[in-house]
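Scroll down for the structure; my scribbles are underneath it.
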Amino acid sequence: MKKENLNIEITPREVADKSIAGNLQKAIAMALDVESAAVKENTKSFNTNRYKATSKISDYEELKSRARKLKEESIENLPKLIEQLETVIKARGGKFFLASSGEEASEYITNICKQHNTKLVVKAKSITSEEIKLNHFLEDAGIEIAETDLAEFILQVSDEQPSHIVAPAIHRSKERISELFKEKFDTVLPLETGEDLTKFARDILREKFLTAEVGISGANVIAADTGSLLLVESEGNIRMVTQAPPVHIALAGVEKVIPKREDFRNFIELLAPSATGQALTSYTHIISPPLQLEPFSFDGREKKEREFHLVLIDNGRMKMREDEVLKEALYCIRCSACMNVCANFQAVGGHAFGGETYPGGIGGSWEAGTGILEKGKFSDLCTGCSRCVTECPVKIDIPWLNENLRNRLNKKNIPEALSFVFKGLLPTAEEDKSASLQKQFFANYNFIAKWGSRFPALANTFSNLTISKKLAEKILQVDARRNLPKFSSNTLAKQFSKLNSKNVTSKKTKRKVLLFADLFTYYSRPSAGVAVANVLKKFGVDVTISNVGNEGRDSLSQGFLATTKKRAIETSNYLQKYIDNDFDIIVVEPSILALFRKDYKHFIDENIFNKLQKKSFEPIEYLAKIFEESNLNMEDYFTIDEIKKRPKIFFHSHCQQRSIDVAKPTEDFLSRLGFEVNTSSVECCGMAGSFGYKKQYYDLSVRVGEELVDQIEDSKKEDIDMVVLSSGVSCHEQINDLAKTKTIHPMELLEQFLK
Amino acid sequence: MKNLVEQFKTVAISVDTTVDIIERTPHSLNIALQKTISKNDSVVLSEIEHLDVELFEIFKNESKNIIINPTNKQLANAKVGITDAFAAVASTGSVCVTITNSMAGTFSLFTTKHIAIVDSKNIVQRPREVFQLEPFKTITSKQDFLFISGSSATADMGPLVRGVHGPAKLHVIIIA
């Protein structure tokens with residue numbers, strides 16, 4: 001096949017299987033070069049529309065909970081539901097086939113087609129059919145298969161795998177579709193507009209709808225009580241596929257079955273808003289085939305009775321059901337919200353961040369579950385930013401699935417030759433020691449940084465020397481273009497002790513807080529910690545600094561679950577002592593607050609987790625709480641007149657901060673003070689902890705960061721000295737690196753305006 | 001109810017639907033239908049199950065180009081499909097149409113223009129209500145049906161394209 005782009009001699013198909021070494025890297029390079037612009041435009045449009053659509057649903061959270069519960073119960077009772085469904089389908093005059101493998105399903109479908117002397121099959125979109133490579137089986141049997149979903153039509157022409165679960169050809173711009181059609185079809189038509197291209201495809205497909213002997217569809221949801229299918233689409237091709245030909249075959253994974261038809265209502269109200277941001281798609285069907293509708297014969301042939309086959313496939317799903325982690329992936333309703341909201345996905349799409357069939361953050365679990373673990377290697381592109389967690393309509397904790405995949409992949413890793421040197425030195429749990437050196441380095445960054453901090457001048461000089469950077473790049477795959485955060489000898493503890501000796505205006509208070517001294521706040525950005533202490537003290541809060549944290553954020557992001565568990569238990573036991581003595585915990589770094597509020601549930605005792613979740617706070621969230629509970633006035637504490645003189649600021653909140661819903665308190669508090677807060681609209685800065693430092697992801701990280709840089713630069717056009725705020729240390733580093741702009745923590749800004 | 005009609009109209013227009021609200025008389029319906037159909041259009045009319053059939057009397061008598069029981073060939077070439085809708089949904093701008101031998105679900109598919117007629121009493125607030133409330137529940141628990149929200153749409157060819165791949169136009173007539 002002729003290559004699409006002369007610069008990149010790679011087709012998406014060639015690099016689809018990410019279990020093959022080097023494919024992920026090649027796919028990222030290909031996607032950044034060829035597909036990025038189209039993917040970004042389209043996913044961002046879906047993303048914006050989803051936010052709008054879901055905000056209009058008054059009981060959105062309740063709907064999500066209901067859908068989640070329904071899926072949990074369905075997967076729990078799946079064997080019984082499948083049995084019930086089989087009985088119902090047969091009683092309705094349909095045929096039922098449960099295929100254990102993709103091959104079995106494809107053979108069954110091919111045989112049905114042969115029995116009907118089928119020359120032409122019309123097929124609606126079915127990602128499951130991509131999974132089982134159905135088209136190859138049909139083509140090998142000499143049967144023509146016409147993809148009638150326009151995206152699948154494009155992919156059939158271009159011989160590419162889907163790059164998105166809802167819009168499988170999202171990686172192709174109008175121009176690239178036009179080029180493709182002109183190359184593959186004998187046409188002199190201009191094919192310039194979307195209408196031209198759509199009409200061109202319609203004219204080809206219309207004829208096929210009217211003459212095909214068999215129609216194949218998927219199913220979004222299947223009800224066991226009535227054998228009904230819920231089918232959601234906007235093009236109308238599913239309507240044609242299910243009505244026009246006499247034989248209808250529906251193909252779906254077993255996980256699509258739920259108990260009752262009336263429960264479709266929950267998915268109907270959730271699916272389109274979560275997917276494309278439509279209130280409903282153009283066509284939402286509820287059918288129980290075989291249809292009670294006279295069969296048609298448009299080409300004058302003898303009319304055949306309507307015939308219906310439901311082909312359910314297992315292909316690894318029942319095994320996923322037994323797997324405590326992968327089970328959650330079976331709840332997926334394939335809406336694509338997790339892809340559209342993901343900054344990395346927006347930059348490369350599913351040809352890089354995806355496998356042979358399944359794309360995105362959820363895709364790794366599906367590739368691993370329906371294939372082999374290694375096919376899910378692209379899940380490494382999930383940075384754990386957790387923006388998808390709040391957006392998933394069935395509340396799947398996708399980062400947790402990916403941390404587990406990483407953990408399993410680490411165990412299968414064959415350690416590099418040099419790793420024995422490090423093994424003994426690093427405090428990694430035995431179970432996590434086979435991971436790559438790069439992962440060992442980042443999973444133990446706290447430990448390494450503590451050593452560095454003993455000789456900060458030496459460590460800073462050393463880590464920024466060209467020779468040591470090159471060594472780090474070679475051995476640890478830390479990109480030499482990055483500077484690791486610097487260590488300050490003037491640590492938070494040192495600065496805090498000076499602060500303590502000062503006279504602080506203080507009221508009598510009952511509030512005591514432990515300021516959690518995470519590694520970065522302690523050594524690299526102590527000014528943020530000092531500001532938090534300073535501001536809180538102004539409100540009479542008794543502030544104590546914790547020991548330097550080793551909470552496990554670094555190890556969790558590398559999939560070191562045993563190591564993280566150890567760190568989580570130690571940290572939570574330490575914090576619990578304070579909580580039991582009426583301390584609240586203030587956490588400067590949002591990713592660590594997210595760890596305490598969300599991720600620790602996987603690692604520590606439930607009671608301790610509940611306490612920690614309730615008692616840990618983001619600094620401004622806590623300040624707002626003080627204001628509200630004590631009914632304070634802003635004017636009494638802050639120099640409002642000074643703020644009015646220069647009110648414009650730019651604020652980039654941390655991705656995890658937004659996911660645990662503690663960015664809004666900062667925005668609201670700053671607005672109430674009179675600041676005009678211009679917030680970034682990107683989902684993530686692209687650095688995402690260690691992600692942007694890794695050599696293999698540097699280009700992707702920079703591409704993701706470019707948009708934030710543009711937004712900052714646009715703001716600076718208004719005021720060159722506009723203050724830029726960032727809450728997270730990795731955002732701070734990314735902005736510093738790419739926009740050459742220093743940021744301060746929002747609390748540092750407040751500190752400047754204290755009375 | 002008036003609010004539901006208004007809300008339906010606003011939302012439906014936003015998804016590329018045209019909406020006409022008319023009085024409950026055969027005369028009004030005839031005028032409303034005649035003005036949306038061209039003389040040369042071949043028109044197919046489905047069996048009316050969810051409205052008073054007498055409402056259609058004048059229209060049927062005056063229209064020479066309507067086909068009540070089209071052959072498959074006539075169906076494949078028909079331009080306009082007129083059907084009733086057993087419900088409409090205000091929050092989504094959708095009409096609910098059965099897929100049965102009444103042919104509503106079919107005539108709305110093969111034609112390029114679909115005219116759906118719905119009783120204003122049958123407009124509900126949100127999709128779930130057609131599964132929960134009578135008289136809709138009797139239909140939705142048993143019969144095949146679909147929510148139609150606007151013309152066919154695709155974003156697969158770059159920008160959003162409406163009314164090209166599938167049915168081109170949806171016009172809804174609400175009987176007040």
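Identifiers in this document derive from the order of the structure tokens: chains are assigned A, B, ..., residues are numbered from 1 separately in each chain, and ligands are numbered from 1 in order of occurrence.
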
Report task. Please identify all polymer residues within 12 Å of Ala78 of chain B, counting only C-alpha atoms, omitting same-chain residues fewer than 5 positions from it, and present them as a VMD selection string. Result -> chain B and resid 40 to 45 65 to 73 106 to 114 167

Query raised in the report: Residues of segment 432-633 of chain A in alpha helix (DSSP H) according to DSSP, as an NGL selection string?
Result: :A and (437-443 or 445-454 or 456-464 or 466-476 or 492-501 or 519 or 526-538 or 553-557 or 561-580 or 590-597 or 606-615 or 619-630)

Report task. Could you list, as a PyMOL selection string, the residues of chain A having an atom within 8 Å of chain B when counting only C-alpha atoms? Result -> chain A and resi 150-151+167+169-170+172-174+177+194-195+197-199+201-202+234-237+239-240+243+261-262+265-266+268-269+279-288+291-294+296-299

Any chance you can output those residues with N, CA and C atoms as a short mmCIF file (atom, residue, chain, number, x, y, z; two decimals), in the first residue's frame?
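Written out: selection-v8.cif:
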```cif
data_model
loop_
_atom_site.label_atom_id
_atom_site.label_comp_id
_atom_site.auth_asym_id
_atom_site.auth_seq_id
_atom_site.Cartn_x
_atom_site.Cartn_y
_atom_site.Cartn_z
N LEU A 150 -19.77 5.52 8.25
CA LEU A 150 -18.85 6.26 7.39
C LEU A 150 -17.40 6.18 7.87
N ALA A 151 -17.21 6.17 9.18
CA ALA A 151 -15.84 6.06 9.68
C ALA A 151 -15.25 4.70 9.32
N ALA A 167 -15.73 7.41 17.15
CA ALA A 167 -15.43 7.94 15.82
C ALA A 167 -14.13 7.29 15.34
N ALA A 169 -12.49 6.89 12.74
CA ALA A 169 -11.55 7.53 11.80
C ALA A 169 -11.25 8.96 12.23
N ILE A 170 -11.25 9.18 13.51
CA ILE A 170 -11.07 10.53 14.06
C ILE A 170 -9.71 11.12 13.68
N ARG A 172 -8.39 11.22 10.83
CA ARG A 172 -8.30 11.72 9.45
C ARG A 172 -9.07 13.03 9.29
N SER A 173 -8.36 14.01 8.79
CA SER A 173 -9.00 15.29 8.50
C SER A 173 -9.77 15.14 7.19
N LYS A 174 -10.63 16.10 6.95
CA LYS A 174 -11.40 16.13 5.70
C LYS A 174 -10.44 16.03 4.50
N ILE A 177 -9.12 12.56 4.03
CA ILE A 177 -10.15 11.64 3.52
C ILE A 177 -10.30 11.87 2.01
N GLY A 194 -17.24 18.37 3.47
CA GLY A 194 -17.77 17.22 4.20
C GLY A 194 -18.99 16.66 3.50
N GLU A 195 -19.82 17.56 2.94
CA GLU A 195 -21.03 17.12 2.23
C GLU A 195 -20.65 16.31 0.98
N LEU A 197 -17.99 14.57 0.44
CA LEU A 197 -17.45 13.26 0.82
C LEU A 197 -18.55 12.34 1.31
N THR A 198 -19.47 12.90 2.10
CA THR A 198 -20.56 12.08 2.63
C THR A 198 -21.46 11.59 1.50
N LYS A 199 -21.76 12.49 0.57
CA LYS A 199 -22.64 12.12 -0.53
C LYS A 199 -21.97 11.05 -1.41
N ALA A 201 -19.90 8.76 -0.46
CA ALA A 201 -20.01 7.47 0.23
C ALA A 201 -21.45 6.97 0.21
N ARG A 202 -22.39 7.90 0.40
CA ARG A 202 -23.80 7.50 0.41
C ARG A 202 -24.20 6.85 -0.91
N SER A 234 -26.09 8.00 14.64
CA SER A 234 -26.58 9.26 14.08
C SER A 234 -26.68 9.24 12.57
N GLU A 235 -26.06 8.25 11.93
CA GLU A 235 -26.01 8.29 10.46
C GLU A 235 -27.22 7.66 9.80
N GLY A 236 -27.83 6.69 10.49
CA GLY A 236 -28.98 6.01 9.91
C GLY A 236 -28.63 4.68 9.28
N ASN A 237 -27.32 4.38 9.25
CA ASN A 237 -26.93 3.12 8.60
C ASN A 237 -27.33 1.90 9.41
N ARG A 239 -30.06 1.64 11.04
CA ARG A 239 -31.48 1.43 10.71
C ARG A 239 -31.58 0.62 9.42
N MET A 240 -30.77 0.97 8.45
CA MET A 240 -30.79 0.26 7.17
C MET A 240 -30.33 -1.19 7.35
N GLN A 243 -32.99 -3.26 9.08
CA GLN A 243 -34.33 -3.38 8.46
C GLN A 243 -34.32 -3.92 7.03
N ARG A 261 -35.06 -4.65 29.87
CA ARG A 261 -35.23 -3.68 28.78
C ARG A 261 -35.53 -2.27 29.30
N GLU A 262 -36.34 -2.19 30.36
CA GLU A 262 -36.70 -0.84 30.85
C GLU A 262 -35.48 -0.09 31.38
N ARG A 265 -33.28 2.87 29.69
CA ARG A 265 -33.50 4.32 29.86
C ARG A 265 -32.29 5.00 30.49
N ASN A 266 -31.61 4.29 31.41
CA ASN A 266 -30.44 4.91 32.06
C ASN A 266 -29.31 5.13 31.07
N ILE A 268 -29.62 5.26 27.77
CA ILE A 268 -30.05 6.21 26.73
C ILE A 268 -29.74 7.63 27.18
N GLU A 269 -30.01 7.92 28.44
CA GLU A 269 -29.81 9.29 28.91
C GLU A 269 -28.34 9.62 29.18
N ALA A 279 -27.71 15.47 23.20
CA ALA A 279 -28.69 15.05 24.22
C ALA A 279 -29.10 13.61 23.91
N LEU A 280 -29.38 13.36 22.65
CA LEU A 280 -29.55 12.00 22.13
C LEU A 280 -28.92 12.01 20.75
N THR A 281 -28.49 10.85 20.30
CA THR A 281 -28.01 10.79 18.93
C THR A 281 -29.22 10.87 18.00
N SER A 282 -29.00 11.02 16.71
CA SER A 282 -30.14 11.15 15.80
C SER A 282 -31.10 9.97 15.89
N TYR A 283 -30.52 8.77 16.03
CA TYR A 283 -31.38 7.59 16.10
C TYR A 283 -30.98 6.70 17.28
N THR A 284 -31.94 6.43 18.13
CA THR A 284 -31.72 5.52 19.25
C THR A 284 -32.78 4.43 19.13
N HIS A 285 -32.38 3.20 18.79
CA HIS A 285 -33.36 2.15 18.53
C HIS A 285 -33.46 1.20 19.70
N ILE A 286 -34.64 0.73 19.93
CA ILE A 286 -34.85 -0.38 20.85
C ILE A 286 -35.62 -1.42 20.05
N ILE A 287 -34.91 -2.48 19.69
CA ILE A 287 -35.56 -3.50 18.86
C ILE A 287 -35.36 -4.89 19.44
N SER A 288 -36.36 -5.75 19.20
CA SER A 288 -36.25 -7.15 19.61
C SER A 288 -36.37 -8.00 18.37
N LEU A 291 -37.46 -8.63 13.54
CA LEU A 291 -38.44 -7.55 13.53
C LEU A 291 -39.81 -8.06 13.11
N GLN A 292 -40.84 -7.51 13.72
CA GLN A 292 -42.22 -7.84 13.32
C GLN A 292 -42.59 -6.91 12.17
N LEU A 293 -41.89 -7.09 11.10
CA LEU A 293 -42.02 -6.18 9.97
C LEU A 293 -41.89 -7.02 8.71
N GLU A 294 -42.81 -6.80 7.78
CA GLU A 294 -42.74 -7.52 6.50
C GLU A 294 -41.33 -7.42 5.92
N PHE A 296 -38.44 -7.08 3.02
CA PHE A 296 -38.43 -6.35 1.75
C PHE A 296 -37.65 -7.10 0.69
N SER A 297 -37.95 -6.77 -0.54
CA SER A 297 -37.06 -7.19 -1.62
C SER A 297 -37.03 -6.06 -2.63
N PHE A 298 -35.99 -5.28 -2.56
CA PHE A 298 -35.94 -4.09 -3.41
C PHE A 298 -35.49 -4.40 -4.83
N ASP A 299 -34.81 -5.54 -4.97
CA ASP A 299 -34.28 -5.84 -6.31
C ASP A 299 -35.13 -6.88 -7.03
#
```

Report summary line: Using only C-alpha atoms, the best pick from A:Lys537, A:Lys52, A:Lys377, A:Lys208 as closest to Ala21 of chain A would be A:Lys377

So which residues of segment 102-186 of chain A fall under strand (DSSP E or B) by DSSP, listed as a PDB file with N, CA and C atoms, in the first residue's frame?
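Contents of selection_12.pdb, as written:
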```pdb
ATOM      1  N   LEU A 120     -23.144 -10.340  -0.657  1.00  0.00           N
ATOM      2  CA  LEU A 120     -22.856  -9.024  -0.078  1.00  0.00           C
ATOM      3  C   LEU A 120     -23.438  -8.904   1.334  1.00  0.00           C
ATOM      4  N   VAL A 121     -22.595  -8.468   2.237  1.00  0.00           N
ATOM      5  CA  VAL A 121     -23.033  -8.195   3.609  1.00  0.00           C
ATOM      6  C   VAL A 121     -22.901  -6.700   3.853  1.00  0.00           C
ATOM      7  N   VAL A 122     -23.935  -6.083   4.437  1.00  0.00           N
ATOM      8  CA  VAL A 122     -23.776  -4.692   4.877  1.00  0.00           C
ATOM      9  C   VAL A 122     -23.569  -4.707   6.388  1.00  0.00           C
ATOM     10  N   LYS A 123     -22.610  -3.934   6.827  1.00  0.00           N
ATOM     11  CA  LYS A 123     -22.248  -4.011   8.236  1.00  0.00           C
ATOM     12  C   LYS A 123     -22.271  -2.615   8.851  1.00  0.00           C
ATOM     13  N   GLU A 144     -18.435 -10.311  -0.163  1.00  0.00           N
ATOM     14  CA  GLU A 144     -18.105  -8.881  -0.097  1.00  0.00           C
ATOM     15  C   GLU A 144     -18.716  -8.291   1.160  1.00  0.00           C
ATOM     16  N   ILE A 145     -17.940  -7.505   1.875  1.00  0.00           N
ATOM     17  CA  ILE A 145     -18.474  -6.871   3.075  1.00  0.00           C
ATOM     18  C   ILE A 145     -18.378  -5.352   2.916  1.00  0.00           C
ATOM     19  N   ALA A 146     -19.535  -4.719   3.074  1.00  0.00           N
ATOM     20  CA  ALA A 146     -19.564  -3.259   2.919  1.00  0.00           C
ATOM     21  C   ALA A 146     -19.719  -2.615   4.286  1.00  0.00           C
ATOM     22  N   GLU A 147     -18.699  -1.886   4.705  1.00  0.00           N
ATOM     23  CA  GLU A 147     -18.806  -1.120   5.953  1.00  0.00           C
ATOM     24  C   GLU A 147     -19.690   0.084   5.658  1.00  0.00           C
TER      25      GLU A 147
END
```

Requested in this report: Find, counting only C-alpha atoms, the residue in A:Asn413, A:Ser630, A:Gln656, A:Ser419 that gets nearest to Ala435 of chain A.
Outcome: A:Asn413

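Interatomic distance, atom CA of Phe353 of chain A to atom CA of Gly686 of chain A: 14.6 Å.
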
Requested in this report: Find the spatial neighbours of Met722 of chain A, counting only C-alpha atoms, within a cut-off of 12 Å - ignore same-chain residues fewer than 2 positions away - and output them as JSON, numbers by chain.
Outcome: {"A": [646, 647, 648, 649, 650, 651, 675, 676, 677, 678, 712, 713, 714, 715, 716, 717, 718, 719, 720, 724, 725, 741, 742, 743, 744, 749]}

Report task. Excluding segment 325-333 of chain A and residues on its chain fewer than 3 positions from it, collect all residues at most 6 Å away from it, counting only C-alpha atoms, and give them as number ranges by chain. Result -> A: 71, 255, 320-321

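What separates atom CA of Phe516 of chain A from atom CA of Val543 of chain A is a distance of 10.3 Å.
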
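Summary of the local environment: counting only C-alpha atoms, residues at most 12 Å from Ile31 of chain B, other than itself and those fewer than 3 positions away along its chain, are B:Asp20, B:Ile21, B:Ile22, B:Glu23, B:Arg24, B:Thr25, B:Pro26, B:His27, B:Ser28, B:Gln34, B:Lys35, B:Thr36, B:Ile37, B:Leu55, B:Phe56, B:Ile58, B:Phe59, B:Lys60, B:Glu62, B:Ser63, B:Ile173.
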
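Atom pair atom CA of Leu632 of chain A / atom CA of Val662 of chain A has a distance of 20.7 Å (rounded to one decimal).
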
Query - Shell around Pro526 of chain A at 10 Å using only C-alpha atoms, local window under 4 positions removed, as an MDAnalysis selection string - result: chainID A and resid 487:488 490:496 517:522 530:532

Go ahead and save the residues from that selection, with C-alpha atoms, as an mmCIF file, in the first residue's frame.
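Final output, saved to out-v9.cif:
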```
data_model
loop_
_atom_site.group_PDB
_atom_site.id
_atom_site.type_symbol
_atom_site.label_atom_id
_atom_site.label_comp_id
_atom_site.auth_asym_id
_atom_site.auth_seq_id
_atom_site.Cartn_x
_atom_site.Cartn_y
_atom_site.Cartn_z
ATOM 1 C CA PHE A 487 17.149 20.899 45.714
ATOM 2 C CA SER A 488 17.291 23.870 48.013
ATOM 3 C CA ASN A 490 17.068 26.304 52.563
ATOM 4 C CA THR A 491 14.429 23.638 53.115
ATOM 5 C CA LEU A 492 10.877 24.144 54.213
ATOM 6 C CA ALA A 493 11.839 23.093 57.753
ATOM 7 C CA LYS A 494 14.613 25.674 57.935
ATOM 8 C CA GLN A 495 12.406 28.461 56.623
ATOM 9 C CA PHE A 496 9.579 27.371 58.861
ATOM 10 C CA ALA A 517 5.876 18.172 53.684
ATOM 11 C CA ASP A 518 5.990 16.332 50.404
ATOM 12 C CA LEU A 519 9.404 16.031 48.855
ATOM 13 C CA PHE A 520 8.974 18.839 46.355
ATOM 14 C CA THR A 521 7.453 21.345 48.726
ATOM 15 C CA TYR A 522 10.170 20.510 51.203
ATOM 16 C CA VAL A 530 6.005 28.741 53.750
ATOM 17 C CA ALA A 531 3.170 30.728 52.194
ATOM 18 C CA VAL A 532 0.630 28.156 53.326
#
```

Query raised in the report: Got a sec: who's within 9 Å of Ser659 of chain A, counting only C-alpha atoms, leaving out chain neighbours fewer than 4 positions off, as a VMD selection string?
Result: chain A and resid 385 to 391 594 654 to 655 663
